[in-house]
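What follows is the content of model_38.txt (compact mmCIF, C-alpha atoms (C1' of nucleotides)).
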```txt
# COMPACT_ATOMS: atom_id res chain seq x y z
CA MET P 875 101.99 101.36 118.96
CA ASN P 876 102.81 98.61 116.49
CA ILE P 877 100.60 99.24 113.47
CA GLN P 878 100.68 95.62 112.43
CA PHE P 879 98.98 94.45 115.61
CA LYS P 880 95.89 96.33 114.52
CA LYS P 881 95.39 94.51 111.24
CA GLY P 882 92.02 92.89 111.29
CA VAL P 883 91.42 93.87 114.91
CA LEU P 884 89.89 97.27 114.21
CA GLU P 885 87.01 95.60 112.42
CA ILE P 886 85.95 93.63 115.47
CA CYS P 887 86.49 96.74 117.60
CA VAL P 888 84.07 98.69 115.43
CA LEU P 889 81.54 95.87 115.43
CA SER P 890 81.84 95.61 119.18
CA VAL P 891 81.25 99.31 119.83
CA LEU P 892 78.30 99.28 117.44
CA ALA P 893 76.88 96.33 119.36
CA HIS P 894 76.46 98.71 122.30
CA LYS P 895 75.07 101.72 120.45
CA ASP P 896 74.67 103.29 117.02
CA CYS P 897 77.57 105.64 116.18
CA TYR P 898 78.69 107.95 113.42
CA GLY P 899 82.21 107.63 112.03
CA TYR P 900 83.79 110.51 113.85
CA GLU P 901 82.34 109.27 117.11
CA LEU P 902 83.70 105.77 116.52
CA VAL P 903 87.19 107.16 116.07
CA ALA P 904 86.90 109.01 119.38
CA GLU P 905 85.43 105.99 121.15
CA ILE P 906 88.02 103.51 119.96
CA SER P 907 90.90 105.98 120.36
CA LYS P 908 90.37 105.87 124.11
CA ARG P 909 92.06 102.47 123.98
CA ILE P 910 93.71 102.11 120.60
CA ASP P 911 95.08 104.84 118.37
CA ILE P 912 93.10 104.97 115.14
CA SER P 913 92.73 107.51 112.33
CA GLU P 914 89.79 108.61 110.20
CA GLY P 915 91.43 107.40 107.01
CA THR P 916 91.05 103.92 108.45
CA ILE P 917 87.52 103.98 109.76
CA TYR P 918 85.62 105.22 106.72
CA PRO P 919 86.78 102.59 104.25
CA LEU P 920 86.17 99.99 106.95
CA LEU P 921 82.62 101.22 107.52
CA HIS P 922 81.90 101.15 103.79
CA ARG P 923 83.19 97.62 103.63
CA LEU P 924 80.91 96.63 106.51
CA LYS P 925 77.97 98.20 104.69
CA ASP P 926 78.82 96.46 101.42
CA GLU P 927 78.91 93.19 103.31
CA GLY P 928 75.53 93.89 104.86
CA HIS P 929 76.78 94.02 108.44
CA VAL P 930 75.54 97.57 109.03
CA THR P 931 72.87 99.94 107.75
CA THR P 932 73.10 103.73 107.87
CA TYR P 933 70.83 106.68 108.51
CA LEU P 934 71.50 110.40 108.48
CA GLN P 935 70.82 112.72 111.37
CA GLU P 936 71.36 116.47 111.60
CA SER P 937 73.86 117.84 114.09
CA ALA P 938 73.96 121.16 115.94
CA GLY P 939 77.02 122.74 114.40
CA GLY P 940 78.34 120.87 111.42
CA PRO P 941 77.33 118.65 108.54
CA PRO P 942 74.82 115.83 109.08
CA ARG P 943 76.09 112.72 110.80
CA LYS P 944 75.86 109.31 109.22
CA TYR P 945 74.98 106.81 111.90
CA TYR P 946 75.80 103.13 111.59
CA ARG P 947 73.60 100.40 113.02
CA LEU P 948 74.41 96.69 113.20
CA THR P 949 72.22 94.35 111.20
CA GLU P 950 71.41 90.83 112.32
CA SER P 951 74.26 89.61 110.13
CA GLY P 952 76.47 92.21 111.81
CA ARG P 953 75.60 90.86 115.26
CA ASN P 954 76.48 87.34 114.16
CA GLU P 955 79.73 88.61 112.72
CA GLU P 956 80.48 90.48 115.92
CA HIS P 957 79.92 87.34 117.93
CA GLU P 958 82.03 85.11 115.72
CA GLN P 959 84.89 87.54 115.37
CA LYS P 960 84.96 88.16 119.09
CA GLU P 961 85.29 84.44 119.76
CA GLU P 962 87.95 84.12 117.09
CA TRP P 963 89.90 86.98 118.62
CA MET P 964 89.67 85.41 122.07
CA ARG P 965 90.95 82.08 120.75
CA PHE P 966 93.72 83.81 118.84
CA ALA P 967 94.83 85.94 121.79
CA ALA P 968 94.86 82.85 124.01
CA SER P 969 97.05 81.02 121.48
CA VAL P 970 99.52 83.88 121.28
CA ASN P 971 99.65 84.17 125.04
CA ALA P 972 100.30 80.45 125.35
CA LEU P 973 103.16 80.73 122.88
CA LEU P 974 104.67 83.76 124.58
CA LEU P 975 104.49 82.12 127.97
CA GLY P 976 106.12 78.92 126.73
CA MET P 977 103.09 76.69 127.24
CA ASN P 978 103.47 75.22 123.78
CA HIS P 979 104.43 71.68 124.74
CA ALA P 980 101.86 70.12 127.01
CA ALA P 981 99.22 72.26 128.69
CA ASP P 982 95.79 72.95 127.26
CA MET W 41 92.00 81.61 111.11
CA ASN W 42 91.90 85.31 110.30
CA ILE W 43 95.15 86.06 108.49
CA GLN W 44 95.08 89.70 109.51
CA PHE W 45 95.29 88.90 113.20
CA LYS W 46 98.75 87.49 112.60
CA LYS W 47 100.26 90.66 111.16
CA GLY W 48 103.08 91.71 113.39
CA VAL W 49 102.37 88.96 115.91
CA LEU W 50 104.43 86.27 114.24
CA GLU W 51 107.59 88.25 114.86
CA ILE W 52 107.12 88.25 118.62
CA CYS W 53 106.12 84.56 118.45
CA VAL W 54 109.41 83.72 116.72
CA LEU W 55 111.40 85.83 119.18
CA SER W 56 109.62 84.18 122.05
CA VAL W 57 110.30 80.63 120.90
CA LEU W 58 113.94 81.51 120.24
CA ALA W 59 114.14 82.90 123.77
CA HIS W 60 113.61 79.32 124.99
CA LYS W 61 115.93 77.53 122.58
CA ASP W 62 117.83 77.89 119.33
CA CYS W 63 115.79 76.65 116.37
CA TYR W 64 116.11 76.22 112.62
CA GLY W 65 113.43 77.60 110.34
CA TYR W 66 111.56 74.40 109.63
CA GLU W 67 111.46 73.65 113.32
CA LEU W 68 110.07 77.10 114.12
CA VAL W 69 107.21 76.55 111.69
CA ALA W 70 106.39 73.25 113.39
CA GLU W 71 106.68 74.74 116.86
CA ILE W 72 104.52 77.79 116.19
CA SER W 73 102.02 75.82 114.11
CA LYS W 74 101.02 73.93 117.23
CA ARG W 75 99.16 77.08 118.20
CA ILE W 76 98.96 79.32 115.15
CA ASP W 77 98.89 78.26 111.53
CA ILE W 78 101.98 79.58 109.76
CA SER W 79 103.70 78.82 106.47
CA GLU W 80 107.35 78.61 105.43
CA GLY W 81 106.99 81.47 102.97
CA THR W 82 106.40 83.66 105.99
CA ILE W 83 109.10 82.49 108.35
CA TYR W 84 112.18 82.75 106.15
CA PRO W 85 111.82 86.38 105.13
CA LEU W 86 111.01 87.17 108.76
CA LEU W 87 114.16 85.40 109.98
CA HIS W 88 116.28 87.25 107.43
CA ARG W 89 114.78 90.53 108.60
CA LEU W 90 115.60 89.64 112.20
CA LYS W 91 119.15 88.87 111.17
CA ASP W 92 119.49 92.11 109.21
CA GLU W 93 118.31 93.97 112.29
CA GLY W 94 120.84 92.18 114.46
CA HIS W 95 118.31 90.39 116.64
CA VAL W 96 119.59 86.91 115.76
CA THR W 97 122.78 85.22 114.64
CA THR W 98 122.95 81.97 112.70
CA TYR W 99 125.07 78.84 112.61
CA LEU W 100 124.89 75.76 110.41
CA GLN W 101 124.61 72.22 111.71
CA GLU W 102 124.43 68.99 109.76
CA SER W 103 121.32 66.85 109.98
CA ALA W 104 120.84 63.10 109.70
CA GLY W 105 118.82 62.87 106.48
CA GLY W 106 118.66 66.16 104.63
CA PRO W 107 120.45 69.40 103.98
CA PRO W 108 122.22 71.22 106.80
CA ARG W 109 120.03 73.15 109.23
CA LYS W 110 120.49 76.84 109.82
CA TYR W 111 119.98 77.51 113.50
CA TYR W 112 118.94 80.91 114.79
CA ARG W 113 120.07 82.26 118.16
CA LEU W 114 118.87 85.43 119.85
CA THR W 115 121.40 88.19 120.38
CA GLU W 116 121.32 90.52 123.35
CA SER W 117 119.45 93.01 121.18
CA GLY W 118 117.07 90.20 120.26
CA ARG W 119 116.33 89.50 123.93
CA ASN W 120 115.58 93.16 124.53
CA GLU W 121 113.32 93.19 121.51
CA GLU W 122 111.59 90.06 122.72
CA HIS W 123 110.95 91.64 126.08
CA GLU W 124 109.65 94.92 124.70
CA GLN W 125 107.44 93.35 122.06
CA LYS W 126 105.99 90.94 124.57
CA GLU W 127 105.00 93.81 126.84
CA GLU W 128 103.60 95.74 123.92
CA TRP W 129 101.53 92.76 122.88
CA MET W 130 100.21 92.31 126.41
CA ARG W 131 99.17 95.96 126.59
CA PHE W 132 97.60 95.78 123.16
CA ALA W 133 95.67 92.59 123.89
CA ALA W 134 94.41 94.09 127.15
CA SER W 135 93.20 97.20 125.29
CA VAL W 136 91.35 95.15 122.72
CA ASN W 137 89.79 92.98 125.39
CA ALA W 138 88.64 96.06 127.27
CA LEU W 139 87.01 97.41 124.12
CA LEU W 140 85.33 94.13 123.27
CA LEU W 141 83.98 93.76 126.76
CA GLY W 142 82.60 97.29 126.81
CA MET W 143 84.89 98.59 129.56
CA ASN W 144 85.72 101.67 127.53
CA HIS W 145 84.04 104.27 129.70
CA ALA W 146 85.27 104.05 133.26
CA ALA W 147 87.32 101.07 134.38
CA ASP W 148 91.06 100.80 134.09
C1' DA O 166 80.16 139.56 102.77
C1' DT O 167 84.42 137.41 103.51
C1' DT O 168 87.48 134.76 106.23
C1' DA O 169 88.73 131.42 109.61
C1' DG O 170 88.06 127.33 112.27
C1' DG O 171 85.64 123.34 114.11
C1' DT O 172 82.84 119.35 112.76
C1' DA O 173 82.30 115.51 109.69
C1' DT O 174 82.78 112.53 105.55
C1' DC O 175 85.48 110.48 101.96
C1' DT O 176 89.51 109.36 98.59
C1' DT O 177 94.28 108.42 97.05
C1' DG O 178 98.85 106.58 97.36
C1' DT O 179 102.19 104.26 100.21
C1' DG O 180 104.10 100.73 103.21
C1' DA O 181 104.21 96.48 105.95
C1' DT O 182 103.69 91.73 105.97
C1' DG O 183 101.53 86.90 105.49
C1' DC O 184 100.66 83.48 101.91
C1' DA O 185 100.61 80.33 97.89
C1' DA O 186 103.42 78.44 94.70
C1' DG O 187 107.44 77.05 93.11
C1' DA O 188 112.75 76.69 92.69
C1' DT O 189 116.77 74.67 94.70
C1' DA O 190 119.38 71.17 97.00
C1' DC O 191 120.71 67.31 100.16
C1' DC O 192 120.02 62.50 101.41
C1' DG O 193 118.45 57.62 101.75
C1' DT O 194 115.77 53.80 99.54
C1' DG O 195 114.01 50.98 95.90
C1' DC K 199 118.63 56.91 88.70
C1' DA K 200 114.31 58.40 89.98
C1' DC K 201 111.48 59.35 94.08
C1' DG K 202 110.03 61.30 98.42
C1' DG K 203 111.16 63.56 102.70
C1' DT K 204 113.82 67.26 104.76
C1' DA K 205 115.13 72.04 104.54
C1' DT K 206 116.02 76.72 102.66
C1' DC K 207 114.81 80.59 99.87
C1' DT K 208 112.37 83.72 96.25
C1' DT K 209 108.54 85.92 93.62
C1' DG K 210 104.07 87.94 92.96
C1' DC K 211 99.79 88.92 95.17
C1' DA K 212 96.26 90.51 98.58
C1' DT K 213 94.95 92.87 102.69
C1' DC K 214 94.67 96.66 105.50
C1' DA K 215 96.18 100.91 108.42
C1' DC K 216 97.87 105.42 107.72
C1' DA K 217 99.17 110.21 106.23
C1' DA K 218 97.63 113.74 103.60
C1' DG K 219 94.43 116.12 101.47
C1' DA K 220 89.72 117.19 99.24
C1' DT K 221 85.00 118.37 100.16
C1' DA K 222 81.31 120.48 102.64
C1' DC K 223 78.47 122.36 106.40
C1' DC K 224 78.00 125.65 110.17
C1' DT K 225 79.18 129.58 113.46
C1' DA K 226 81.69 133.56 114.76
C1' DA K 227 84.84 137.23 113.97
C1' DT K 228 86.40 140.75 110.81
```

If you took the structure in this file and wrote it as structure tokens, what would it be?
Amino acid sequence: MNIQFKKGVLEICVLSVLAHKDCYGYELVAEISKRIDISEGTIYPLLHRLKDEGHVTTYLQESAGGPPRKYYRLTESGRNEEHEQKEEWMRFAASVNALLLGMNHAAD
Amino acid sequence: MNIQFKKGVLEICVLSVLAHKDCYGYELVAEISKRIDISEGTIYPLLHRLKDEGHVTTYLQESAGGPPRKYYRLTESGRNEEHEQKEEWMRFAASVNALLLGMNHAAD
DNA sequence: ATTAGGTATCTTGTGATGCAAGATACCGTG
DNA sequence: CACGGTATCTTGCATCACAAGATACCTAAT
């Protein structure tokens, strides 16, 4: 799949999954990979960025067989961001679709 | 508008407009900007890449008041590319929408 | 105990590509 | 002849996804 399509989209995907439930990084990769191929080297820097920006908080939780998991939870700011970015994506996708379908002269 | 969303999408937008009619660069910027903000510094390198890859050919045509215009026309390879990239975009957009709407467990 | 393998997090370097800013050049008008 | 609009093109920068690998915890087999 075209890597470039993903630029900027993975962030809203992460926010959107976290809007449904708290997740740890590894779990997010698995969740999102059901639809869009994504690697771990992408998700961790992204999650740290989201934390730096105050959109998520984290808490540790032990796991059965393996190192402790770091769960990510949306903050209020994160929920706002999720909402805004989702709307922006919808507008953007609609614009691209309009262009690809040749509706760029009259319709709206 | 989120710059990152555009990565990789502008190429299919250009191909798609050219699938309707031959255009010169300046005209493409105007055409695409109706829906998606785009700058000239983006379109010219992109057009040169498309030419290098054999997806377009060019021809010059004089204009009333200004330098000659360089028109771009899709080649057969360009039409194939346009078709494939359009389908890939549609699949991608559908995947993202599914994720954002929380349909990532069962539905398909 | 030592090794191997699965789970989980994180870092580094590379590549693709959009943009701002500016250079170049043609043309008509004042 | 300078100016502004049209039109093309180049350079340097920023963003972000990825491959590859480092680290570390735990269980099970040797």

Proximal residues of chain K relative to chain P (only C-alpha atoms (C1' of nucleotides); 7 Å) as a list of chain:residue names: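 Result, ordered by chain then number: K:DC214, K:DA215, K:DC216, K:DC223, K:DC224.
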
Test item: chain O residues at most 10 Å from chain P, counting all atoms listed in the file, as a count of residues only: 8

Computed interatomic separation between atom CA of Lys74 of chain W and atom CA of Gly976 of chain P (Å): 11.9 Å

Against chain W, which residues of chain P fall within 10 Å? For each one I want the closest pair of atoms and the distance in Å (one decimal), counting only C-alpha atoms, rows by chain and increasing residue number, as a Markdown table.
```
| residue | atom | partner | partner_atom | distance |
| --- | --- | --- | --- | --- |
| P:Met875 | CA | W:Glu128 | CA | 7.7 |
| P:Asn876 | CA | W:Gly48 | CA | 7.6 |
| P:Ile877 | CA | W:Gly48 | CA | 7.9 |
| P:Gln878 | CA | W:Gly48 | CA | 4.7 |
| P:Phe879 | CA | W:Gly48 | CA | 5.4 |
| P:Lys880 | CA | W:Phe45 | CA | 7.6 |
| P:Lys881 | CA | W:Gln44 | CA | 5.1 |
| P:Gly882 | CA | W:Gln44 | CA | 4.8 |
| P:Val883 | CA | W:Phe45 | CA | 6.5 |
| P:Leu884 | CA | W:Val136 | CA | 8.9 |
| P:Ile886 | CA | W:Leu140 | CA | 7.8 |
| P:Cys887 | CA | W:Leu140 | CA | 6.3 |
| P:Val888 | CA | W:Leu140 | CA | 9.2 |
| P:Leu889 | CA | W:Leu140 | CA | 8.9 |
| P:Ser890 | CA | W:Leu140 | CA | 5.6 |
| P:Val891 | CA | W:Gly142 | CA | 7.4 |
| P:Ala893 | CA | W:Gly142 | CA | 9.4 |
| P:His894 | CA | W:Gly142 | CA | 7.7 |
| P:Glu905 | CA | W:Asn144 | CA | 7.7 |
| P:Ile906 | CA | W:Leu139 | CA | 7.5 |
| P:Ser907 | CA | W:Asn144 | CA | 9.8 |
| P:Lys908 | CA | W:Asn144 | CA | 7.1 |
| P:Arg909 | CA | W:Ser135 | CA | 5.5 |
| P:Ile910 | CA | W:Ser135 | CA | 6.8 |
| P:Glu956 | CA | W:Leu140 | CA | 9.5 |
| P:Gln959 | CA | W:Asn42 | CA | 8.9 |
| P:Lys960 | CA | W:Leu140 | CA | 7.3 |
| P:Glu962 | CA | W:Met41 | CA | 7.6 |
| P:Trp963 | CA | W:Phe45 | CA | 7.9 |
| P:Met964 | CA | W:Asn137 | CA | 8.3 |
| P:Arg965 | CA | W:Met41 | CA | 9.7 |
| P:Phe966 | CA | W:Phe45 | CA | 7.8 |
| P:Ala967 | CA | W:Ala133 | CA | 7.0 |
| P:Ala968 | CA | W:Arg75 | CA | 9.2 |
| P:Ser969 | CA | W:Arg75 | CA | 5.5 |
| P:Val970 | CA | W:Cys53 | CA | 7.2 |
| P:Asn971 | CA | W:Met130 | CA | 8.3 |
| P:Ala972 | CA | W:Arg75 | CA | 8.0 |
| P:Leu973 | CA | W:Cys53 | CA | 6.6 |
| P:Leu974 | CA | W:Ser56 | CA | 5.6 |
| P:Leu975 | CA | W:Ser56 | CA | 8.1 |
| P:Gly976 | CA | W:Val57 | CA | 7.4 |
| P:Met977 | CA | W:Arg75 | CA | 9.9 |
| P:Asn978 | CA | W:Lys74 | CA | 7.1 |
| P:His979 | CA | W:Lys74 | CA | 8.5 |
```

Next, write the just-selected residues to a file, as a PDB file, in the frame of the given file, keeping C-alpha atoms as the atom set.
```pdb
ATOM      1  CA  MET P 875     101.990 101.360 118.960  1.00  0.00           C
ATOM      2  CA  ASN P 876     102.810  98.610 116.490  1.00  0.00           C
ATOM      3  CA  ILE P 877     100.600  99.240 113.470  1.00  0.00           C
ATOM      4  CA  GLN P 878     100.680  95.620 112.430  1.00  0.00           C
ATOM      5  CA  PHE P 879      98.980  94.450 115.610  1.00  0.00           C
ATOM      6  CA  LYS P 880      95.890  96.330 114.520  1.00  0.00           C
ATOM      7  CA  LYS P 881      95.390  94.510 111.240  1.00  0.00           C
ATOM      8  CA  GLY P 882      92.020  92.890 111.290  1.00  0.00           C
ATOM      9  CA  VAL P 883      91.420  93.870 114.910  1.00  0.00           C
ATOM     10  CA  LEU P 884      89.890  97.270 114.210  1.00  0.00           C
ATOM     11  CA  ILE P 886      85.950  93.630 115.470  1.00  0.00           C
ATOM     12  CA  CYS P 887      86.490  96.740 117.600  1.00  0.00           C
ATOM     13  CA  VAL P 888      84.070  98.690 115.430  1.00  0.00           C
ATOM     14  CA  LEU P 889      81.540  95.870 115.430  1.00  0.00           C
ATOM     15  CA  SER P 890      81.840  95.610 119.180  1.00  0.00           C
ATOM     16  CA  VAL P 891      81.250  99.310 119.830  1.00  0.00           C
ATOM     17  CA  ALA P 893      76.880  96.330 119.360  1.00  0.00           C
ATOM     18  CA  HIS P 894      76.460  98.710 122.300  1.00  0.00           C
ATOM     19  CA  GLU P 905      85.430 105.990 121.150  1.00  0.00           C
ATOM     20  CA  ILE P 906      88.020 103.510 119.960  1.00  0.00           C
ATOM     21  CA  SER P 907      90.900 105.980 120.360  1.00  0.00           C
ATOM     22  CA  LYS P 908      90.370 105.870 124.110  1.00  0.00           C
ATOM     23  CA  ARG P 909      92.060 102.470 123.980  1.00  0.00           C
ATOM     24  CA  ILE P 910      93.710 102.110 120.600  1.00  0.00           C
ATOM     25  CA  GLU P 956      80.480  90.480 115.920  1.00  0.00           C
ATOM     26  CA  GLN P 959      84.890  87.540 115.370  1.00  0.00           C
ATOM     27  CA  LYS P 960      84.960  88.160 119.090  1.00  0.00           C
ATOM     28  CA  GLU P 962      87.950  84.120 117.090  1.00  0.00           C
ATOM     29  CA  TRP P 963      89.900  86.980 118.620  1.00  0.00           C
ATOM     30  CA  MET P 964      89.670  85.410 122.070  1.00  0.00           C
ATOM     31  CA  ARG P 965      90.950  82.080 120.750  1.00  0.00           C
ATOM     32  CA  PHE P 966      93.720  83.810 118.840  1.00  0.00           C
ATOM     33  CA  ALA P 967      94.830  85.940 121.790  1.00  0.00           C
ATOM     34  CA  ALA P 968      94.860  82.850 124.010  1.00  0.00           C
ATOM     35  CA  SER P 969      97.050  81.020 121.480  1.00  0.00           C
ATOM     36  CA  VAL P 970      99.520  83.880 121.280  1.00  0.00           C
ATOM     37  CA  ASN P 971      99.650  84.170 125.040  1.00  0.00           C
ATOM     38  CA  ALA P 972     100.300  80.450 125.350  1.00  0.00           C
ATOM     39  CA  LEU P 973     103.160  80.730 122.880  1.00  0.00           C
ATOM     40  CA  LEU P 974     104.670  83.760 124.580  1.00  0.00           C
ATOM     41  CA  LEU P 975     104.490  82.120 127.970  1.00  0.00           C
ATOM     42  CA  GLY P 976     106.120  78.920 126.730  1.00  0.00           C
ATOM     43  CA  MET P 977     103.090  76.690 127.240  1.00  0.00           C
ATOM     44  CA  ASN P 978     103.470  75.220 123.780  1.00  0.00           C
ATOM     45  CA  HIS P 979     104.430  71.680 124.740  1.00  0.00           C
TER      46      HIS P 979
END
```

Between atom C1' of DT228 of chain K and atom C1' of DT167 of chain O - distance in Å to one decimal: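 Atom C1' of DT228 of chain K lies 8.3 Å from atom C1' of DT167 of chain O.
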
Residues within 12 Å of (117.1, 91.2, 114.3), file coords, all atoms listed in the file, listed as a ChimeraX atom specification: /W:51-52,54-55,58,85-98,112-122

Give me a file of those residues, with C-alpha atoms, as a PDB file, keeping the file's coordinate frame.
```
ATOM      1  CA  GLU W  51     107.590  88.250 114.860  1.00  0.00           C
ATOM      2  CA  ILE W  52     107.120  88.250 118.620  1.00  0.00           C
ATOM      3  CA  VAL W  54     109.410  83.720 116.720  1.00  0.00           C
ATOM      4  CA  LEU W  55     111.400  85.830 119.180  1.00  0.00           C
ATOM      5  CA  LEU W  58     113.940  81.510 120.240  1.00  0.00           C
ATOM      6  CA  PRO W  85     111.820  86.380 105.130  1.00  0.00           C
ATOM      7  CA  LEU W  86     111.010  87.170 108.760  1.00  0.00           C
ATOM      8  CA  LEU W  87     114.160  85.400 109.980  1.00  0.00           C
ATOM      9  CA  HIS W  88     116.280  87.250 107.430  1.00  0.00           C
ATOM     10  CA  ARG W  89     114.780  90.530 108.600  1.00  0.00           C
ATOM     11  CA  LEU W  90     115.600  89.640 112.200  1.00  0.00           C
ATOM     12  CA  LYS W  91     119.150  88.870 111.170  1.00  0.00           C
ATOM     13  CA  ASP W  92     119.490  92.110 109.210  1.00  0.00           C
ATOM     14  CA  GLU W  93     118.310  93.970 112.290  1.00  0.00           C
ATOM     15  CA  GLY W  94     120.840  92.180 114.460  1.00  0.00           C
ATOM     16  CA  HIS W  95     118.310  90.390 116.640  1.00  0.00           C
ATOM     17  CA  VAL W  96     119.590  86.910 115.760  1.00  0.00           C
ATOM     18  CA  THR W  97     122.780  85.220 114.640  1.00  0.00           C
ATOM     19  CA  THR W  98     122.950  81.970 112.700  1.00  0.00           C
ATOM     20  CA  TYR W 112     118.940  80.910 114.790  1.00  0.00           C
ATOM     21  CA  ARG W 113     120.070  82.260 118.160  1.00  0.00           C
ATOM     22  CA  LEU W 114     118.870  85.430 119.850  1.00  0.00           C
ATOM     23  CA  THR W 115     121.400  88.190 120.380  1.00  0.00           C
ATOM     24  CA  GLU W 116     121.320  90.520 123.350  1.00  0.00           C
ATOM     25  CA  SER W 117     119.450  93.010 121.180  1.00  0.00           C
ATOM     26  CA  GLY W 118     117.070  90.200 120.260  1.00  0.00           C
ATOM     27  CA  ARG W 119     116.330  89.500 123.930  1.00  0.00           C
ATOM     28  CA  ASN W 120     115.580  93.160 124.530  1.00  0.00           C
ATOM     29  CA  GLU W 121     113.320  93.190 121.510  1.00  0.00           C
ATOM     30  CA  GLU W 122     111.590  90.060 122.720  1.00  0.00           C
TER      31      GLU W 122
END
```

Distance of atom C1' of DG183 of chain O from atom CA of Leu902 of chain P, expressed in Å to one decimal place: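 Result for atom CA of Leu902 of chain P versus atom C1' of DG183 of chain O: 28.2 Å, one decimal.
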
Shell of 12 Å around DA227 of chain K, only C-alpha atoms (C1' of nucleotides), local chain residues under 3 positions omitted, as an MDAnalysis selection string: chainID O and resid 167:170

Is it possible to add all heavy atoms to segment 102-107 of chain W and hand it back as an mmCIF file, keeping the file's coordinate frame?
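Okay, selection39.cif is ready:
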```cif
data_model
loop_
_atom_site.group_PDB
_atom_site.id
_atom_site.type_symbol
_atom_site.label_atom_id
_atom_site.label_comp_id
_atom_site.auth_asym_id
_atom_site.auth_seq_id
_atom_site.Cartn_x
_atom_site.Cartn_y
_atom_site.Cartn_z
ATOM 1 N N GLU W 102 124.868 70.066 110.640
ATOM 2 C CA GLU W 102 124.430 68.990 109.760
ATOM 3 C C GLU W 102 123.251 68.243 110.371
ATOM 4 O O GLU W 102 123.081 68.229 111.583
ATOM 5 C CB GLU W 102 125.594 68.019 109.521
ATOM 6 C CG GLU W 102 126.713 68.634 108.702
ATOM 7 C CD GLU W 102 127.855 67.648 108.501
ATOM 8 O OE1 GLU W 102 127.612 66.434 108.636
ATOM 9 O OE2 GLU W 102 128.981 68.103 108.222
ATOM 10 N N SER W 103 122.446 67.642 109.492
ATOM 11 C CA SER W 103 121.320 66.850 109.980
ATOM 12 C C SER W 103 121.442 65.444 109.430
ATOM 13 O O SER W 103 122.143 65.209 108.447
ATOM 14 C CB SER W 103 120.002 67.488 109.551
ATOM 15 O OG SER W 103 119.713 67.177 108.207
ATOM 16 N N ALA W 104 120.751 64.507 110.075
ATOM 17 C CA ALA W 104 120.840 63.100 109.700
ATOM 18 C C ALA W 104 120.485 62.910 108.218
ATOM 19 O O ALA W 104 121.336 62.581 107.409
ATOM 20 C CB ALA W 104 119.913 62.270 110.578
ATOM 21 N N GLY W 105 119.241 63.130 107.867
ATOM 22 C CA GLY W 105 118.820 62.870 106.480
ATOM 23 C C GLY W 105 118.261 64.107 105.836
ATOM 24 O O GLY W 105 117.060 64.314 105.819
ATOM 25 N N GLY W 106 119.128 64.930 105.268
ATOM 26 C CA GLY W 106 118.660 66.160 104.630
ATOM 27 C C GLY W 106 119.750 67.187 104.604
ATOM 28 O O GLY W 106 120.869 66.933 105.064
ATOM 29 N N PRO W 107 119.455 68.327 104.060
ATOM 30 C CA PRO W 107 120.450 69.400 103.980
ATOM 31 C C PRO W 107 120.743 69.958 105.365
ATOM 32 O O PRO W 107 119.970 69.739 106.298
ATOM 33 C CB PRO W 107 119.760 70.448 103.104
ATOM 34 C CG PRO W 107 118.305 70.187 103.261
ATOM 35 C CD PRO W 107 118.164 68.727 103.512
#
```
